[in-house]
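Trainee: Provided herewith: entry.txt, compact mmCIF, C-alpha atoms.
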# COMPACT_ATOMS: atom_id res chain seq x y z
CA MET J 157 -0.44 -2.37 22.38
CA ILE J 158 3.25 -2.88 21.68
CA HIS J 159 5.34 -0.13 23.24
CA THR J 160 8.64 -0.18 21.32
CA ASP J 161 8.95 1.45 17.91
CA THR J 162 11.24 -1.24 16.59
CA LEU J 163 8.92 -4.10 17.45
CA ARG J 164 5.90 -2.20 16.08
CA ASN J 165 7.76 -1.55 12.81
CA VAL J 166 8.92 -5.14 12.45
CA LEU J 167 5.43 -6.44 13.14
CA ASN J 168 3.91 -3.90 10.74
CA PHE J 169 6.34 -4.93 7.99
CA ALA J 170 5.62 -8.63 8.60
CA LEU J 171 1.84 -8.04 8.52
CA PHE J 172 2.14 -6.10 5.28
CA GLN J 173 4.26 -8.80 3.65
CA ALA J 174 1.86 -11.53 4.77
CA GLY J 175 -1.11 -9.56 3.45
CA TRP J 176 0.58 -8.80 0.13
CA PHE J 177 1.57 -12.41 -0.48
CA VAL J 178 -1.84 -13.82 0.47
CA CYS J 179 -3.59 -11.29 -1.80
CA VAL J 180 -1.25 -11.95 -4.72
CA LEU J 181 -1.12 -15.73 -4.38
CA TYR J 182 -4.83 -16.17 -3.62
CA PRO J 183 -6.54 -13.14 -5.17
CA GLY J 184 -10.17 -12.96 -4.21
CA LEU J 185 -12.60 -12.28 -1.42
CA MET J 186 -10.87 -14.61 1.04
CA ALA J 187 -7.63 -12.67 0.66
CA ALA J 188 -9.47 -9.42 1.38
CA GLY J 189 -10.96 -11.06 4.47
CA PHE J 190 -7.46 -12.00 5.59
CA VAL J 191 -6.41 -8.37 5.17
CA VAL J 192 -9.31 -7.29 7.39
CA LEU J 193 -8.00 -9.63 10.11
CA LEU J 194 -4.51 -8.18 9.68
CA LEU J 195 -5.90 -4.65 9.93
CA VAL J 196 -7.74 -5.52 13.15
CA PHE J 197 -4.52 -7.01 14.56
CA HIS J 198 -2.63 -3.90 13.44
CA MET J 199 -5.13 -1.59 15.12
CA LEU J 200 -5.02 -3.56 18.37
CA PHE J 201 -1.29 -4.09 18.69
CA VAL J 202 0.61 -1.66 16.44
CA SER J 203 -1.39 1.54 16.01
CA GLN J 204 -0.96 4.25 18.60
CA HIS J 205 -3.51 6.66 17.10
CA ARG J 206 -6.29 4.33 16.02
CA SER J 207 -8.90 6.83 14.92
CA ALA J 208 -6.52 9.00 12.89
CA GLU J 209 -4.75 6.00 11.40
CA LEU J 210 -8.02 4.34 10.43
CA GLN J 211 -9.11 7.54 8.65
CA PHE J 212 -5.74 7.77 6.90
CA ILE J 213 -5.92 4.11 5.84
CA GLY J 214 -9.43 4.67 4.51
CA ALA J 215 -8.49 7.76 2.51
CA GLY J 216 -5.41 6.14 0.99
CA THR J 217 -7.26 2.92 0.21
CA VAL J 218 -9.90 4.84 -1.71
CA LEU J 219 -7.26 6.85 -3.57
CA GLY J 220 -5.23 3.75 -4.41
CA GLY J 221 -8.30 1.76 -5.40
CA VAL J 222 -9.38 4.52 -7.77
CA LEU J 223 -5.88 4.70 -9.25
CA ASP J 224 -5.78 0.94 -9.83
CA GLY J 225 -9.27 1.13 -11.33
CA ILE J 226 -8.02 3.72 -13.81
CA TRP J 227 -5.09 1.47 -14.67
CA PHE J 228 -7.45 -1.45 -15.33
CA GLN J 229 -9.76 0.73 -17.43
CA THR J 230 -6.90 2.07 -19.54
CA GLY J 231 -5.23 -1.30 -20.08
CA ILE J 232 -2.15 -0.60 -17.97
CA LEU J 233 -3.20 -3.54 -15.78
CA ASP J 234 -5.28 -6.57 -16.71
CA ASP J 235 -6.60 -9.56 -14.83
CA GLY J 236 -6.38 -11.88 -17.83
CA THR J 237 -10.03 -11.52 -18.74
CA GLY J 238 -10.02 -7.90 -19.85
CA SER J 239 -13.36 -7.43 -18.12
CA VAL J 240 -12.48 -5.75 -14.82
CA GLN J 241 -15.02 -3.00 -14.19
CA ILE J 242 -13.90 -1.99 -10.70
CA THR J 243 -10.69 -2.58 -8.80
CA PRO J 244 -10.61 -6.17 -7.50
CA VAL J 245 -11.28 -6.41 -3.77
CA TRP J 246 -7.98 -8.17 -3.08
CA LEU J 247 -6.10 -5.26 -4.68
CA VAL J 248 -8.04 -2.79 -2.54
CA GLY J 249 -6.96 -4.96 0.40
CA ILE J 250 -3.33 -4.54 -0.59
CA TRP J 251 -3.81 -0.76 -0.58
CA ALA J 252 -5.34 -0.93 2.91
CA ILE J 253 -2.51 -2.98 4.37
CA PHE J 254 0.06 -0.86 2.50
CA MET J 255 -1.37 2.29 4.07
CA THR J 256 -0.46 0.96 7.52
CA THR J 257 3.22 1.01 6.56
CA LEU J 258 3.29 4.75 5.87
CA SER J 259 2.99 5.53 9.58
CA HIS J 260 5.20 2.67 10.75
CA SER J 261 7.71 0.52 8.86
CA LEU J 262 7.96 2.88 5.85
CA SER J 263 7.65 6.15 7.77
CA TRP J 264 11.38 6.77 7.23
CA ILE J 265 10.72 7.51 3.55
CA GLY J 266 9.10 10.79 4.55
CA SER J 267 12.20 11.89 6.47
CA LYS J 268 13.79 13.52 3.42
CA PRO J 269 11.68 15.57 1.00
CA TRP J 270 13.28 14.01 -2.09
CA LEU J 271 13.20 10.38 -0.94
CA PRO J 272 9.56 9.57 -1.90
CA PHE J 273 10.23 10.86 -5.41
CA VAL J 274 13.15 8.45 -5.77
CA CYS J 275 11.74 5.37 -4.04
CA ALA J 276 8.13 5.38 -5.22
CA PRO J 277 8.62 5.23 -9.00
CA ILE J 278 10.86 2.20 -8.51
CA ALA J 279 9.21 0.30 -5.64
CA GLY J 280 5.61 0.80 -6.77
CA PRO J 281 6.01 -0.65 -10.28
CA PHE J 282 8.25 -3.40 -8.88
CA ALA J 283 5.38 -4.57 -6.65
CA TYR J 284 3.02 -4.78 -9.64
CA TRP J 285 5.67 -6.50 -11.75
CA SER J 286 6.19 -9.00 -8.91
CA ALA J 287 2.43 -9.59 -8.70
CA SER J 288 2.37 -10.17 -12.45
CA ALA J 289 5.23 -12.67 -12.19
CA LEU J 290 3.14 -14.54 -9.60
CA GLY J 291 0.09 -14.47 -11.87
CA ALA J 292 -2.17 -12.09 -9.95
CA VAL J 293 -2.28 -9.38 -12.65
CA GLN J 294 -0.94 -8.85 -16.13
CA LEU J 295 1.03 -5.96 -17.52
CA PRO J 296 -0.19 -6.09 -21.13
CA ASN J 297 2.52 -3.82 -22.55
CA LEU J 298 5.38 -4.21 -20.09
CA THR J 299 7.26 -1.01 -20.94
CA LEU J 300 4.16 1.18 -21.13
CA SER J 301 2.65 -0.42 -18.03
CA LEU J 302 5.79 0.05 -15.94
CA ALA J 303 6.20 3.65 -17.15
CA ALA J 304 2.57 4.48 -16.30
CA LEU J 305 2.87 2.79 -12.90
CA ALA J 306 6.08 4.72 -12.19
CA LEU J 307 4.40 7.99 -13.10
CA GLY J 308 1.35 7.15 -11.00
CA TRP J 309 3.47 6.23 -8.00
CA LEU J 310 5.57 9.35 -8.49
CA VAL J 311 2.37 11.33 -7.89
CA VAL J 312 0.36 9.20 -5.47
CA PHE J 313 3.05 8.24 -2.96
CA PRO J 314 4.23 11.77 -2.12
CA SER J 315 0.56 12.82 -2.14
CA LEU J 316 -0.21 10.21 0.51
CA LEU J 317 2.68 11.42 2.63
CA TYR J 318 1.47 15.00 2.22
CA LEU J 319 -2.05 13.92 3.22
CA ARG J 320 -0.65 12.28 6.34
CA LYS J 321 1.36 15.39 7.21
CA ALA J 322 -1.49 17.85 6.55
CA LEU J 323 -4.44 15.98 8.04
CA TYR J 324 -2.93 13.42 10.43
CA PRO J 325 0.26 14.92 11.88
CA GLU J 326 0.00 12.68 14.93
CA LEU J 327 0.90 9.75 12.65
CA ILE J 328 4.32 11.22 11.81
CA ARG J 329 7.24 10.02 13.90
Could you render the structure as C-alpha cells?
Mentor:
Amino acid sequence: MIHTDTLRNVLNFALFQAGWFVCVLYPGLMAAGFVVLLLVFHMLFVSQHRSAELQFIGAGTVLGGVLDGIWFQTGILDDGTGSVQITPVWLVGIWAIFMTTLSHSLSWIGSKPWLPFVCAPIAGPFAYWSASALGAVQLPNLTLSLAALALGWLVVFPSLLYLRKALYPELIR
C-alpha cells in the first residue's frame, strides 16, 4: 500500500482517467474488464480501508447504474440504437472507478457543504457531453439532456457524499 496521501491521490486520479478513457473509447465488456483490473490495483495500492471502500463503491455503482438506466429509458441518453434495456456494462464500470475518487482524489469536494452542489451539476454533465463527443453515447436533445443530467448530478453526487459520511466515515479524510 502507498503511504502518502499525495501519491495515493495522484494514482487514484490517473487510474480513474485511464478507466474513463478506455470505457468511452472502447465501450464494451473488455472495457469493464479493464476497470476490474484497475479496481483490484486500487484496492491493493491505494485503498486504506478496503472493506468499507469496496462496500461504498458497490453502493454507488448500483445507484449510478440505476440512474443511467433511467436516463436511457427516458431518452436523456442513447447508445445510437435506441434499444438499451439496462445500463451498458462499460458505463457501470465508469461508475465503479468514479466511486474510488470520492474517498481519494475528489475527497476535497466534500470539504465545504456547498461545493458538491456547485461542482456536480457542471462536471457530471460535462463528462457525458465529452463521452458523446467521443461517440460512446448520444445526447438526443442536447439542452434537455444536459439539464436532466445536471439535475440528476445535483441530487446524486451530494447523496453519495452523504452516504459516505453516514455509513463509511472512515473513508473521509
Trainee: CA of Gly184 in chain J to CA of Leu247 in chain J: how many Å, to one decimal?
Mentor: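 Value for the CA of Gly184 in chain J-CA of Leu247 in chain J distance: 8.7 Å.
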Trainee: Name the closest residue to Leu233 in chain J among the candidates J:Gly189, J:Pro325, J:Pro183, J:Pro281; distances are taken between atoms, counting all atoms listed in the file.
Mentor: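 For Leu233 in chain J, the nearest of the given residues is J:Pro281.
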Trainee: So how many Å separate CA of Pro272 in chain J and CA of Trp246 in chain J, to one decimal?
Mentor: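 We find that CA of Pro272 in chain J and CA of Trp246 in chain J lie 25.0 Å from each other.
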Trainee: In terms of the shortest atom-to-atom distance over all atoms listed in the file, which of J:Thr162, J:Leu167, J:Val312, J:Phe172 is closest to Gly221 in chain J?
Mentor: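 Comparing J:Thr162, J:Leu167, J:Val312, J:Phe172 against Gly221 in chain J, the winner is J:Val312.
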Trainee: Which of these residues is nearest to Tyr284 in chain J, using all atoms listed in the file: J:Trp176, J:Phe212, J:Phe201, J:Phe169?
Mentor: J:Trp176
Trainee: Using CA of Leu181 in chain J and CA of Gly291 in chain J as the two end points, give the distance in Å to one decimal.
Mentor: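 Computed distance, CA of Leu181 in chain J to CA of Gly291 in chain J, equals 7.7 Å.
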